[in-house]
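A.B. asks: Have a look at the structure that comes next, please.
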Amino acid sequence: MINIDRLDHLVLTVRDIESTCNFYNRVLGMQVVIFGERRKALAFGQQKINLHQIGEEFEPKANKPTPGSADLCLIVQEPLSDIEQHLRFCGVEIISGPIERTGAMGAIASLYINDPDLNLIELSVYL
């Protein structure tokens, strides 16, 4: 049996790496990091999101890497009312929420937004 500890990183395939980096840094406060041969990633907490430019993916890669196909839930530290105010200040449309959902460890309240590639981003707090 394998005992998984945590998710280290995931990969998003995007149309424009610079636009993606700007959004995730400006709106979500993620740090843009450069690694390897000028690859870019978005770091937060103890995780990161590696970025692949559509048509220029690194091997090995998913079978059908596609911008806009991800649905990510990110746990935030601030109250959702503060997050909502920040998103409005940044000019980001809230698609839905706050709404109650179920996270990996129990009940959460969530706001939903889209990133530049229309990936669904769920910003959540545990209740």
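We name chains A, B, ... following the order of the structure tokens; residues begin at 1 in each chain, and ligands are numbered from 1 as shown.
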Which polymer residues have any atom within 9 Å of an atom of stretch 42-52 of chain A, counting only C-alpha atoms, with same-chain residues fewer than 6 positions away left out, as an NGL selection string?

C.D. replies: :A and (7-15 or 17 or 20-21 or 24-25 or 29-34 or 58 or 65)

A.B. asks: Store the residues of this selection in a file with C-alpha atoms, as a PDB file, in the first residue's frame.

C.D. replies:
```
ATOM      1  CA  LEU A   7      -0.044  17.287  -2.924  1.00  0.00           C
ATOM      2  CA  ASP A   8       3.304  18.912  -3.793  1.00  0.00           C
ATOM      3  CA  HIS A   9       2.451  20.585  -7.101  1.00  0.00           C
ATOM      4  CA  LEU A  10       0.144  20.397 -10.055  1.00  0.00           C
ATOM      5  CA  VAL A  11       0.433  21.671 -13.615  1.00  0.00           C
ATOM      6  CA  LEU A  12      -1.812  24.158 -15.389  1.00  0.00           C
ATOM      7  CA  THR A  13      -1.630  24.435 -19.157  1.00  0.00           C
ATOM      8  CA  VAL A  14      -2.296  28.063 -20.059  1.00  0.00           C
ATOM      9  CA  ARG A  15      -2.607  30.296 -23.113  1.00  0.00           C
ATOM     10  CA  ILE A  17       2.097  32.395 -18.910  1.00  0.00           C
ATOM     11  CA  THR A  20      -1.517  33.866 -15.685  1.00  0.00           C
ATOM     12  CA  CYS A  21       1.404  34.906 -13.458  1.00  0.00           C
ATOM     13  CA  TYR A  24      -2.344  34.718  -9.614  1.00  0.00           C
ATOM     14  CA  ASN A  25       0.182  37.155  -8.119  1.00  0.00           C
ATOM     15  CA  GLY A  29      -1.011  36.713  -3.769  1.00  0.00           C
ATOM     16  CA  MET A  30       0.939  33.741  -5.132  1.00  0.00           C
ATOM     17  CA  GLN A  31       4.670  34.188  -5.652  1.00  0.00           C
ATOM     18  CA  VAL A  32       5.967  33.765  -9.206  1.00  0.00           C
ATOM     19  CA  VAL A  33       9.073  31.568  -9.166  1.00  0.00           C
ATOM     20  CA  ILE A  34      11.446  30.654 -11.980  1.00  0.00           C
ATOM     21  CA  PHE A  58       7.161  19.774 -20.963  1.00  0.00           C
ATOM     22  CA  PRO A  65      -3.410  19.359 -21.787  1.00  0.00           C
TER      23      PRO A  65
END
```

A.B. asks: Give me the residues within 9 Å of stretch 88-97 of chain A as a list in words, counting only C-alpha atoms and dropping any in the same chain fewer than 2 places off.

C.D. replies: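 Selected residues are Arg26, Val27, Ile83, Glu84, Gln85, His86, Ile99, Glu100, Ala109, Ser110, Leu111, Tyr112, Ile113, Asn114 and Asp115 of chain A.
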
A.B. asks: Can I get the selected residues back with all heavy atoms, as a short mmCIF file (atom, residue, chain, number, x, y, z; two decimals), in the first residue's frame?

C.D. replies:
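The resulting file, out_18.cif, is reproduced below:
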```cif
data_model
loop_
_atom_site.label_atom_id
_atom_site.label_comp_id
_atom_site.auth_asym_id
_atom_site.auth_seq_id
_atom_site.Cartn_x
_atom_site.Cartn_y
_atom_site.Cartn_z
N ARG A 26 -1.26 39.08 -8.51
CA ARG A 26 -2.00 40.30 -8.16
C ARG A 26 -3.28 39.99 -7.38
O ARG A 26 -3.58 40.63 -6.37
CB ARG A 26 -2.33 41.07 -9.43
CG ARG A 26 -3.13 42.35 -9.23
CD ARG A 26 -3.39 43.06 -10.55
NE ARG A 26 -4.14 42.25 -11.50
CZ ARG A 26 -5.47 42.16 -11.53
NH1 ARG A 26 -6.19 42.84 -10.67
NH2 ARG A 26 -6.07 41.40 -12.42
N VAL A 27 -4.02 39.00 -7.84
CA VAL A 27 -5.33 38.70 -7.24
C VAL A 27 -5.22 37.73 -6.07
O VAL A 27 -5.86 37.93 -5.04
CB VAL A 27 -6.31 38.16 -8.31
CG1 VAL A 27 -7.63 37.76 -7.68
CG2 VAL A 27 -6.52 39.19 -9.41
N ILE A 83 -12.12 38.61 1.37
CA ILE A 83 -11.76 38.10 0.05
C ILE A 83 -12.67 38.70 -1.00
O ILE A 83 -12.22 39.15 -2.06
CB ILE A 83 -11.83 36.55 0.01
CG1 ILE A 83 -10.88 35.93 1.02
CG2 ILE A 83 -11.60 36.03 -1.40
CD1 ILE A 83 -9.42 36.19 0.79
N GLU A 84 -13.95 38.74 -0.71
CA GLU A 84 -14.94 39.32 -1.63
C GLU A 84 -14.61 40.78 -1.94
O GLU A 84 -14.63 41.21 -3.09
CB GLU A 84 -16.33 39.19 -1.02
CG GLU A 84 -17.45 39.35 -1.98
CD GLU A 84 -18.78 38.94 -1.37
OE1 GLU A 84 -18.83 38.44 -0.23
OE2 GLU A 84 -19.79 39.14 -2.08
N GLN A 85 -14.28 41.54 -0.92
CA GLN A 85 -13.92 42.95 -1.09
C GLN A 85 -12.65 43.09 -1.93
O GLN A 85 -12.57 43.93 -2.82
CB GLN A 85 -13.71 43.61 0.28
CG GLN A 85 -13.44 45.08 0.22
CD GLN A 85 -13.32 45.68 1.62
OE1 GLN A 85 -13.31 44.98 2.63
NE2 GLN A 85 -13.22 46.98 1.67
N HIS A 86 -11.66 42.24 -1.67
CA HIS A 86 -10.41 42.27 -2.44
C HIS A 86 -10.66 41.94 -3.91
O HIS A 86 -10.13 42.60 -4.81
CB HIS A 86 -9.39 41.30 -1.84
CG HIS A 86 -8.17 41.12 -2.66
ND1 HIS A 86 -7.20 42.10 -2.78
CD2 HIS A 86 -7.76 40.09 -3.44
CE1 HIS A 86 -6.24 41.68 -3.59
NE2 HIS A 86 -6.56 40.46 -4.00
N ILE A 99 -21.10 30.17 -0.68
CA ILE A 99 -21.99 29.02 -0.66
C ILE A 99 -21.29 27.90 0.11
O ILE A 99 -20.07 27.79 0.08
CB ILE A 99 -22.34 28.57 -2.10
CG1 ILE A 99 -23.40 27.49 -2.11
CG2 ILE A 99 -21.10 28.15 -2.87
CD1 ILE A 99 -24.00 27.22 -3.47
N GLU A 100 -22.08 27.11 0.85
CA GLU A 100 -21.50 26.01 1.63
C GLU A 100 -21.24 24.80 0.74
O GLU A 100 -22.06 24.44 -0.10
CB GLU A 100 -22.41 25.63 2.79
CG GLU A 100 -22.39 26.65 3.91
CD GLU A 100 -23.04 26.17 5.18
OE1 GLU A 100 -23.05 24.94 5.44
OE2 GLU A 100 -23.56 27.02 5.92
N ALA A 109 -17.03 27.18 3.30
CA ALA A 109 -17.80 28.20 2.59
C ALA A 109 -16.90 28.67 1.45
O ALA A 109 -15.69 28.85 1.64
CB ALA A 109 -18.17 29.35 3.51
N SER A 110 -17.48 28.88 0.27
CA SER A 110 -16.67 29.14 -0.92
C SER A 110 -17.20 30.29 -1.76
O SER A 110 -18.40 30.52 -1.84
CB SER A 110 -16.64 27.88 -1.81
OG SER A 110 -16.13 26.77 -1.12
N LEU A 111 -16.25 30.96 -2.41
CA LEU A 111 -16.50 31.92 -3.49
C LEU A 111 -15.88 31.33 -4.74
O LEU A 111 -14.81 30.71 -4.67
CB LEU A 111 -15.83 33.27 -3.21
CG LEU A 111 -16.35 34.11 -2.06
CD1 LEU A 111 -15.43 35.30 -1.83
CD2 LEU A 111 -17.76 34.58 -2.34
N TYR A 112 -16.51 31.54 -5.89
CA TYR A 112 -16.00 31.02 -7.15
C TYR A 112 -15.66 32.16 -8.11
O TYR A 112 -16.45 33.09 -8.28
CB TYR A 112 -17.03 30.11 -7.83
CG TYR A 112 -17.27 28.82 -7.10
CD1 TYR A 112 -18.20 28.73 -6.07
CD2 TYR A 112 -16.57 27.67 -7.45
CE1 TYR A 112 -18.42 27.55 -5.40
CE2 TYR A 112 -16.78 26.47 -6.78
CZ TYR A 112 -17.71 26.42 -5.77
OH TYR A 112 -17.92 25.23 -5.11
N ILE A 113 -14.48 32.05 -8.73
CA ILE A 113 -14.03 33.00 -9.75
C ILE A 113 -13.41 32.22 -10.90
O ILE A 113 -13.19 31.01 -10.79
CB ILE A 113 -13.01 34.03 -9.18
CG1 ILE A 113 -11.74 33.31 -8.71
CG2 ILE A 113 -13.64 34.85 -8.06
CD1 ILE A 113 -10.60 34.27 -8.32
N ASN A 114 -13.12 32.91 -11.99
CA ASN A 114 -12.37 32.32 -13.10
C ASN A 114 -11.03 33.01 -13.22
O ASN A 114 -10.91 34.22 -12.96
CB ASN A 114 -13.10 32.50 -14.43
CG ASN A 114 -14.29 31.59 -14.57
OD1 ASN A 114 -15.39 32.05 -14.80
ND2 ASN A 114 -14.09 30.29 -14.42
N ASP A 115 -10.02 32.25 -13.65
CA ASP A 115 -8.72 32.85 -13.96
C ASP A 115 -8.73 33.25 -15.44
O ASP A 115 -9.76 33.10 -16.12
CB ASP A 115 -7.58 31.91 -13.58
CG ASP A 115 -7.38 30.73 -14.51
OD1 ASP A 115 -8.10 30.58 -15.53
OD2 ASP A 115 -6.48 29.93 -14.24
#
```

A.B. asks: Counting only C-alpha atoms, figure out which residue out of A:Lys40, A:Ala70, A:Ile54, A:Ile75 gets nearest to A:Thr102.

C.D. replies: A:Ile75
